[in-house]
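**Q** What follows is entry-v8.cif, mmCIF, C-alpha atoms.
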data_start
#
loop_
_atom_site.label_atom_id
_atom_site.label_comp_id
_atom_site.auth_asym_id
_atom_site.auth_seq_id
_atom_site.Cartn_x
_atom_site.Cartn_y
_atom_site.Cartn_z
CA MET A 1 -64.87 41.33 -65.96
CA LEU A 2 -63.26 39.93 -62.80
CA ILE A 3 -64.86 36.51 -63.34
CA SER A 4 -63.62 36.46 -66.93
CA ALA A 5 -60.11 37.35 -65.79
CA VAL A 6 -60.13 34.57 -63.19
CA LEU A 7 -61.41 32.01 -65.68
CA ALA A 8 -58.76 33.05 -68.18
CA THR A 9 -56.02 32.06 -65.71
CA LEU A 10 -57.53 28.68 -64.81
CA LEU A 11 -55.55 25.76 -66.25
CA LEU A 12 -57.02 22.78 -64.39
CA ASN A 13 -59.72 22.24 -61.78
CA TYR A 14 -59.84 18.61 -60.68
CA PRO A 15 -62.05 17.34 -57.82
CA ASP A 16 -61.27 14.35 -55.63
CA PRO A 17 -63.91 12.30 -53.79
CA SER A 18 -64.25 13.00 -50.07
CA GLY A 19 -63.83 10.27 -47.47
CA ASP A 20 -61.41 8.12 -49.52
CA VAL A 21 -58.46 8.68 -47.19
CA LEU A 22 -58.12 4.90 -46.84
CA GLY A 23 -55.69 4.02 -49.65
CA ASP A 24 -57.09 0.97 -51.43
CA GLY A 25 -59.84 0.78 -48.84
CA THR A 26 -57.93 -1.37 -46.33
CA TYR A 27 -55.85 1.43 -44.79
CA HIS A 28 -56.56 2.21 -41.14
CA LEU A 29 -55.51 5.59 -39.78
CA PRO A 30 -54.00 5.78 -36.29
CA GLU A 31 -56.79 6.14 -33.74
CA ASN A 32 -54.97 8.90 -31.89
CA LEU A 33 -55.58 11.27 -34.82
CA SER A 34 -58.28 13.86 -34.23
CA ALA A 35 -61.13 14.35 -36.69
CA THR A 36 -59.41 17.49 -38.02
CA ASP A 37 -56.17 15.56 -38.47
CA ARG A 38 -57.99 12.89 -40.45
CA ASN A 39 -59.68 15.50 -42.63
CA SER A 40 -56.28 17.11 -43.24
CA LEU A 41 -55.27 13.92 -45.05
CA ASP A 42 -58.36 13.87 -47.27
CA LEU A 43 -57.59 15.39 -50.66
CA ARG A 44 -60.65 17.20 -52.04
CA SER A 45 -59.50 19.30 -55.01
CA PHE A 46 -56.55 20.36 -57.11
CA VAL A 47 -56.45 23.61 -59.08
CA ALA A 48 -53.68 24.79 -61.40
CA SER A 49 -53.62 28.44 -62.50
CA ASP A 50 -51.56 30.83 -64.54
CA GLU A 51 -50.46 33.74 -62.36
CA ASP A 52 -48.37 36.24 -64.32
CA GLY A 53 -46.98 33.47 -66.50
CA LYS A 54 -46.02 31.21 -63.58
CA LEU A 55 -47.70 28.01 -62.39
CA SER A 56 -49.74 28.34 -59.18
CA LEU A 57 -51.31 25.34 -57.43
CA ASP A 58 -54.16 25.13 -54.89
CA ILE A 59 -54.52 21.86 -52.99
CA GLY A 60 -57.87 21.60 -51.23
CA LEU A 61 -58.15 19.30 -48.20
CA GLY A 62 -61.02 18.25 -45.97
CA GLY A 63 -59.41 20.16 -43.10
CA LEU A 64 -56.11 21.72 -42.15
CA SER A 65 -54.60 20.98 -38.77
CA ASN A 66 -51.29 22.12 -37.31
CA PRO A 67 -50.79 20.28 -33.99
CA LEU A 68 -47.00 20.70 -34.21
CA ASP A 69 -47.17 24.47 -34.93
CA ALA A 70 -45.27 24.12 -38.19
CA PRO A 71 -44.24 27.44 -39.78
CA LEU A 72 -46.02 26.74 -43.07
CA GLY A 73 -49.40 26.36 -41.34
CA PHE A 74 -49.96 22.58 -41.40
CA SER A 75 -48.24 19.57 -39.84
CA THR A 76 -50.45 16.50 -40.40
CA PRO A 77 -50.27 16.01 -44.18
CA ILE A 78 -47.21 15.80 -46.37
CA LEU A 79 -47.75 16.57 -50.05
CA ASP A 80 -45.98 15.22 -53.10
CA ILE A 81 -46.81 16.91 -56.39
CA PHE A 82 -45.24 15.64 -59.62
CA ILE A 83 -45.60 17.70 -62.78
CA LYS A 84 -45.24 16.50 -66.35
CA THR A 85 -44.37 19.41 -68.63
CA ARG A 86 -43.08 17.46 -71.65
CA VAL A 87 -42.49 13.93 -72.91
CA GLY A 88 -40.07 11.67 -71.05
CA GLY A 89 -38.98 12.17 -67.45
CA SER A 90 -38.64 10.07 -64.29
CA THR A 91 -41.06 7.19 -63.75
CA THR A 92 -40.55 6.77 -59.97
CA LEU A 93 -42.86 8.96 -57.89
CA GLY A 94 -40.37 9.82 -55.17
CA ASP A 95 -40.68 7.87 -51.91
CA THR A 96 -44.43 7.33 -52.28
CA GLY A 97 -44.12 3.74 -53.49
CA PHE A 98 -45.94 4.53 -56.74
CA GLU A 99 -44.70 4.40 -60.33
CA THR A 100 -46.06 6.23 -63.36
CA PRO A 101 -47.78 4.23 -66.11
CA PRO A 102 -45.47 2.93 -68.88
CA GLY A 103 -44.35 5.68 -71.23
CA GLN A 104 -45.10 8.42 -68.69
CA GLY A 105 -42.72 10.50 -66.55
CA TRP A 106 -42.42 13.75 -64.60
CA GLN A 107 -40.07 16.75 -64.86
CA TYR A 108 -40.79 18.61 -61.56
CA HIS A 109 -41.42 17.35 -58.03
CA LEU A 110 -42.62 19.40 -55.06
CA HIS A 111 -42.23 17.67 -51.67
CA LEU A 112 -43.93 19.72 -48.97
CA SER A 113 -44.36 19.36 -45.24
CA GLY A 114 -45.21 22.03 -42.72
CA PHE A 115 -41.52 22.31 -41.84
CA ASN A 116 -39.75 21.77 -45.13
CA LYS A 117 -39.94 22.44 -48.86
CA GLU A 118 -38.08 20.42 -51.49
CA PHE A 119 -38.02 21.20 -55.20
CA TYR A 120 -36.66 18.83 -57.85
CA ARG A 121 -36.31 18.85 -61.62
CA VAL A 122 -35.42 16.06 -64.01
CA PRO A 123 -33.50 17.54 -66.94
CA ARG A 124 -32.70 14.02 -68.18
CA LEU A 125 -32.89 10.98 -65.89
CA THR A 126 -31.39 11.99 -62.54
CA PRO A 127 -33.42 14.35 -60.30
CA GLU A 128 -31.71 17.69 -59.69
CA LYS A 129 -32.43 19.54 -56.45
CA LEU A 130 -33.49 23.16 -57.00
CA ASN A 131 -33.71 26.10 -54.61
CA PRO A 132 -36.74 25.48 -52.33
CA GLU A 133 -37.01 29.21 -51.63
CA ASP A 134 -38.28 29.60 -55.18
CA ILE A 135 -41.51 27.99 -53.94
CA LYS A 136 -43.96 30.11 -51.96
CA VAL A 137 -46.35 28.15 -49.70
CA SER A 138 -49.33 29.65 -47.87
CA THR A 139 -52.62 28.46 -46.41
CA SER A 140 -56.16 29.79 -46.57
CA GLY A 141 -58.96 27.92 -44.82
CA THR A 142 -58.48 24.28 -45.81
CA THR A 143 -56.41 25.06 -48.93
CA ILE A 144 -52.64 24.98 -49.36
CA LYS A 145 -51.45 27.38 -52.04
CA VAL A 146 -48.13 26.79 -53.81
CA GLN A 147 -46.63 29.42 -56.10
CA THR A 148 -43.86 28.07 -58.31
CA PRO A 149 -41.30 29.50 -60.75
CA ILE A 150 -42.40 26.95 -63.36
CA PRO A 151 -43.75 28.55 -66.57
CA ALA A 152 -47.52 28.11 -66.71
CA GLY A 153 -48.93 25.63 -69.19
CA GLN A 154 -51.25 22.69 -69.78
CA TYR A 155 -49.57 19.89 -67.84
CA GLU A 156 -50.26 16.52 -66.24
CA TYR A 157 -50.02 15.94 -62.48
CA TRP A 158 -49.66 13.30 -59.83
CA VAL A 159 -50.70 14.42 -56.31
CA THR A 160 -50.44 12.32 -53.15
CA VAL A 161 -51.12 12.98 -49.46
CA SER A 162 -49.23 11.08 -46.76
CA LEU A 163 -49.14 11.18 -42.97
CA PHE A 164 -46.26 13.36 -41.74
CA ASP A 165 -43.69 11.95 -39.33
CA PRO A 166 -40.56 14.04 -38.62
CA LEU A 167 -38.75 10.99 -37.21
CA THR A 168 -38.63 9.04 -40.49
CA PRO A 169 -35.99 9.62 -43.22
CA ALA A 170 -38.61 10.56 -45.83
CA GLY A 171 -40.74 12.50 -43.32
CA LEU A 172 -43.79 10.30 -43.86
CA VAL A 173 -45.38 7.26 -42.26
CA THR A 174 -45.25 3.99 -44.19
CA PRO A 175 -48.22 1.65 -43.52
CA VAL A 176 -47.53 -1.62 -41.72
CA ASN A 177 -49.47 -4.86 -41.50
CA ASP A 178 -50.30 -5.31 -37.82
CA ASN A 179 -53.19 -4.83 -35.41
CA ASN A 180 -51.84 -1.87 -33.44
CA PRO A 181 -54.67 0.72 -33.46
CA TYR A 182 -52.14 3.55 -33.14
CA HIS A 183 -50.27 2.57 -36.32
CA LEU A 184 -51.08 3.36 -39.93
CA THR A 185 -51.95 -0.10 -41.21
CA SER A 186 -52.80 -1.78 -44.50
CA ARG A 187 -53.57 -5.31 -45.66
CA LEU A 188 -51.43 -4.85 -48.78
CA ASN A 189 -47.95 -6.27 -49.05
CA ASN A 190 -45.41 -3.43 -49.32
CA PRO A 191 -48.16 -0.77 -49.53
CA PRO A 192 -47.62 2.74 -50.92
CA ALA A 193 -47.17 5.43 -48.26
CA PRO A 194 -49.90 7.92 -49.32
CA VAL A 195 -53.31 7.55 -47.72
CA ASP A 196 -55.01 9.50 -50.52
CA VAL A 197 -54.18 10.31 -54.15
CA LEU A 198 -55.67 12.60 -56.76
CA ALA A 199 -57.97 10.35 -58.76
CA GLN A 200 -61.52 10.48 -59.98
CA GLY A 201 -63.49 7.48 -58.78
CA ASP A 202 -62.10 4.24 -57.36
CA GLN A 203 -58.40 4.52 -56.50
CA SER A 204 -57.95 0.97 -55.17
CA ARG A 205 -56.52 -0.39 -58.43
CA SER A 206 -53.71 2.18 -58.31
CA TYR A 207 -52.74 0.95 -54.84
CA ILE A 208 -52.90 -2.71 -55.77
CA GLN A 209 -50.87 -2.23 -58.96
CA ARG A 210 -48.67 0.49 -57.41
CA THR A 211 -49.14 2.49 -60.61
CA LEU A 212 -50.73 5.93 -60.44
CA PRO A 213 -52.18 7.54 -63.59
CA PRO A 214 -51.78 11.32 -64.00
CA VAL A 215 -54.59 13.85 -64.25
CA GLY A 216 -54.79 16.78 -66.65
CA ASP A 217 -53.90 17.15 -70.32
CA LEU A 218 -50.36 17.75 -71.52
CA GLN A 219 -49.90 20.18 -74.39
CA ASP A 220 -46.31 19.84 -75.55
CA PHE A 221 -45.80 21.55 -78.91
CA ARG A 222 -42.12 20.64 -79.22
CA PRO A 223 -42.71 17.40 -81.19
CA TRP A 224 -44.87 19.37 -83.63
CA ILE A 225 -42.20 22.06 -83.90
CA LEU A 226 -39.58 19.39 -84.68
CA LEU A 227 -41.93 17.83 -87.24
CA ILE A 228 -42.55 21.19 -88.89
CA MET A 229 -38.82 21.97 -88.91
CA GLY A 230 -38.11 18.56 -90.43
CA THR A 231 -40.81 19.06 -93.06
CA LEU A 232 -39.50 22.53 -93.90
CA GLY A 233 -36.02 21.06 -94.19
CA MET A 234 -37.25 18.41 -96.63
CA VAL A 235 -39.14 21.06 -98.62
CA GLY A 236 -35.97 23.13 -98.73
CA VAL A 237 -34.01 20.16 -100.06
CA VAL A 238 -36.63 19.51 -102.75
CA ILE A 239 -36.68 23.19 -103.79
CA SER A 240 -32.88 23.32 -103.90
CA THR A 241 -32.82 20.16 -106.00
CA ILE A 242 -35.37 21.58 -108.45
CA VAL A 243 -33.44 24.87 -108.72
CA LEU A 244 -30.18 23.01 -109.40
CA MET A 245 -31.87 20.78 -111.98
CA ASN A 246 -33.35 23.82 -113.76
CA ARG A 247 -30.00 25.57 -113.68
CA ARG A 248 -28.30 22.48 -115.09
CA ALA A 249 -30.95 22.16 -117.79
CA LYS A 250 -30.46 25.79 -118.81
CA GLN A 251 -26.71 25.30 -118.93
CA ASP A 252 -27.11 22.17 -121.07
CA SER A 253 -29.54 24.00 -123.35
CA LYS A 254 -27.11 26.91 -123.73
CA GLN A 255 -24.22 24.57 -124.49
CA ASN A 256 -26.30 22.75 -127.13
CA PHE A 257 -27.28 26.06 -128.73
CA GLU A 258 -23.66 27.23 -128.88
CA TYR A 259 -22.58 23.88 -130.29
CA LYS A 260 -25.17 24.07 -133.10
CA ALA A 261 -24.18 27.69 -133.83
CA ASN A 262 -20.56 26.65 -134.24
CA LEU A 263 -21.57 23.89 -136.66
CA ASP A 264 -23.52 26.37 -138.77
#
Re-express the file's structure as C-alpha cells.
**A**
Amino acid sequence: MLISAVLATLLLNYPDPSGDVLGDGTYHLPENLSATDRNSLDLRSFVASDEDGKLSLDIGLGGLSNPLDAPLGFSTPILDIFIKTRVGGSTTLGDTGFETPPGQGWQYHLHLSGFNKEFYRVPRLTPEKLNPEDIKVSTSGTTIKVQTPIPAGQYEYWVTVSLFDPLTPAGLVTPVNDNNPYHLTSRLNNPPAPVDVLAQGDQSRSYIQRTLPPVGDLQDFRPWILLIMGTLGMVGVVISTIVLMNRRAKQDSKQNFEYKANLD
C-alpha cells in the first residue's frame, strides 16, 4: 500500500550520468576543490513529485559539501531549476549562459544557493520575483529537496549546477580560458557557467550550441479546452441557425396557408 501511494505521487524520475561534471568535456575544475566538493557539483538524478497537490523536487548529487557552513546545508553547488508549466514563456535560462530551444520557454525559475533562495515567475515576458519564503529547502544525504507552492503537474524542466562564489554578482563562477589550475576553465569561447546539466547521454552539444533541451513531458490541456470551447461555440451557432431557419420556414408556411385561405 505504501509503495503504491509513493508511486502515485511520482511525476518524473530522471537520471543523469555520473562523472560528467566537465561541461562539454573541456571544463577543468579548480584543483583546490576537495573530492566531496567536486562530487557536490555532479548532478545524478532529478525527481518531481506531487505532495498534497504541490510540486516537490529532489535533486540528487554525487556528494553534498558545506565548507562555508551555509544555513541551507550546502555551499559548493548553486542550482538553477526552470519549469515549463504551459506553452510560451521566457527563452533565456537566467544567468547560466544557456537558451531554450526555439519555441520553448519557462514559467518558473528557482535559483538556489546555500545562503539564498530566489523564486521567479513569467506571467508574460518579464520575470516577476516571488516570495522566496514560499520555497522550502532541505537536505538528506546527497539530495537537496525543494518544496514549492507550484501546483503539481506533468511539466518540463531545465536543471543546471554551477560552482558557487559569493563574491560574484550572480553568485556563480563563470569559466575562463587560461592555464591557472585554481580557476574554473574551459576551451569554449564565452562558455556557459554550469559545470553539469540535466541531460541523458552526451551533453557537449548543448554547451557548444548554448542551447539546452528540457526533460520531462508537458501536459497542458488549455489548448484543448480552447479548441473544445471553440468547437462548441461553432456547434451552437449552427444549431441556432437551424432553429431560426426552421422557425422562419414555419412562419412562411403559416403565412402561405393564411393567404390561400383568404383567397378561398
**Q** I'd like the residues picked by the PyMOL selection byres ((chain A and resi 138) around 10) written out as a PyMOL selection string, using the chain letters and numbers from the file.
**A** chain A and resi 58+71-74+136-137+139-140+143-147
**Q** Tell me, as a ChimeraX atom specification, which residues lie within 9 Å of Pro191 in chain A, counting all atoms listed in the file; anything in the same chain fewer than 5 positions away does not count.
**A** /A:23,97,174-176,186,207-208,210
**Q** Anything within 7 Å of (-48.0, 4.6, -51.1): list those residues as a PyMOL selection string, counting all atoms listed in the file and sticking to the file's coordinates.
**A** chain A and resi 96-98+191-195
**Q** For the residues selected in the previous step, produce a file with C-alpha atoms as a PDB file, in the frame of the given file.
**A**
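Below is the file that was written, part-v1.pdb:
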ATOM      1  CA  THR A  96     -44.430   7.330 -52.280  1.00  0.00           C
ATOM      2  CA  GLY A  97     -44.120   3.740 -53.490  1.00  0.00           C
ATOM      3  CA  PHE A  98     -45.940   4.530 -56.740  1.00  0.00           C
ATOM      4  CA  PRO A 191     -48.160  -0.770 -49.530  1.00  0.00           C
ATOM      5  CA  PRO A 192     -47.620   2.740 -50.920  1.00  0.00           C
ATOM      6  CA  ALA A 193     -47.170   5.430 -48.260  1.00  0.00           C
ATOM      7  CA  PRO A 194     -49.900   7.920 -49.320  1.00  0.00           C
ATOM      8  CA  VAL A 195     -53.310   7.550 -47.720  1.00  0.00           C
TER       9      VAL A 195
END
**Q** Env of range 29-33 of chain A: 7 Å cut, atoms = only C-alpha atoms, seq-sep filter 4 positions within chain, self excluded. Answer as JSON, numbers by chain.
**A** {"A": [37, 38, 181, 182, 183, 184, 185]}
**Q** To one decimal in Å, tell me the separation between CA of Asn39 in chain A and CA of Asp20 in chain A.
**A**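 Atom-to-atom, CA of Asn39 in chain A and CA of Asp20 in chain A are spaced 10.2 Å apart.
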**Q** Tell me which of A:Thr100, A:Thr76, A:Thr92, A:Gln219 sits closest to Leu172 in chain A, counting only C-alpha atoms.
**A**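 Closest to Leu172 in chain A of all the choices is A:Thr76.
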**Q** Which value, in Å to one decimal, gives the distance between CA of His111 in chain A and CA of Pro15 in chain A?
**A**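 One can read the CA of His111 in chain A to CA of Pro15 in chain A distance as 20.8 Å.
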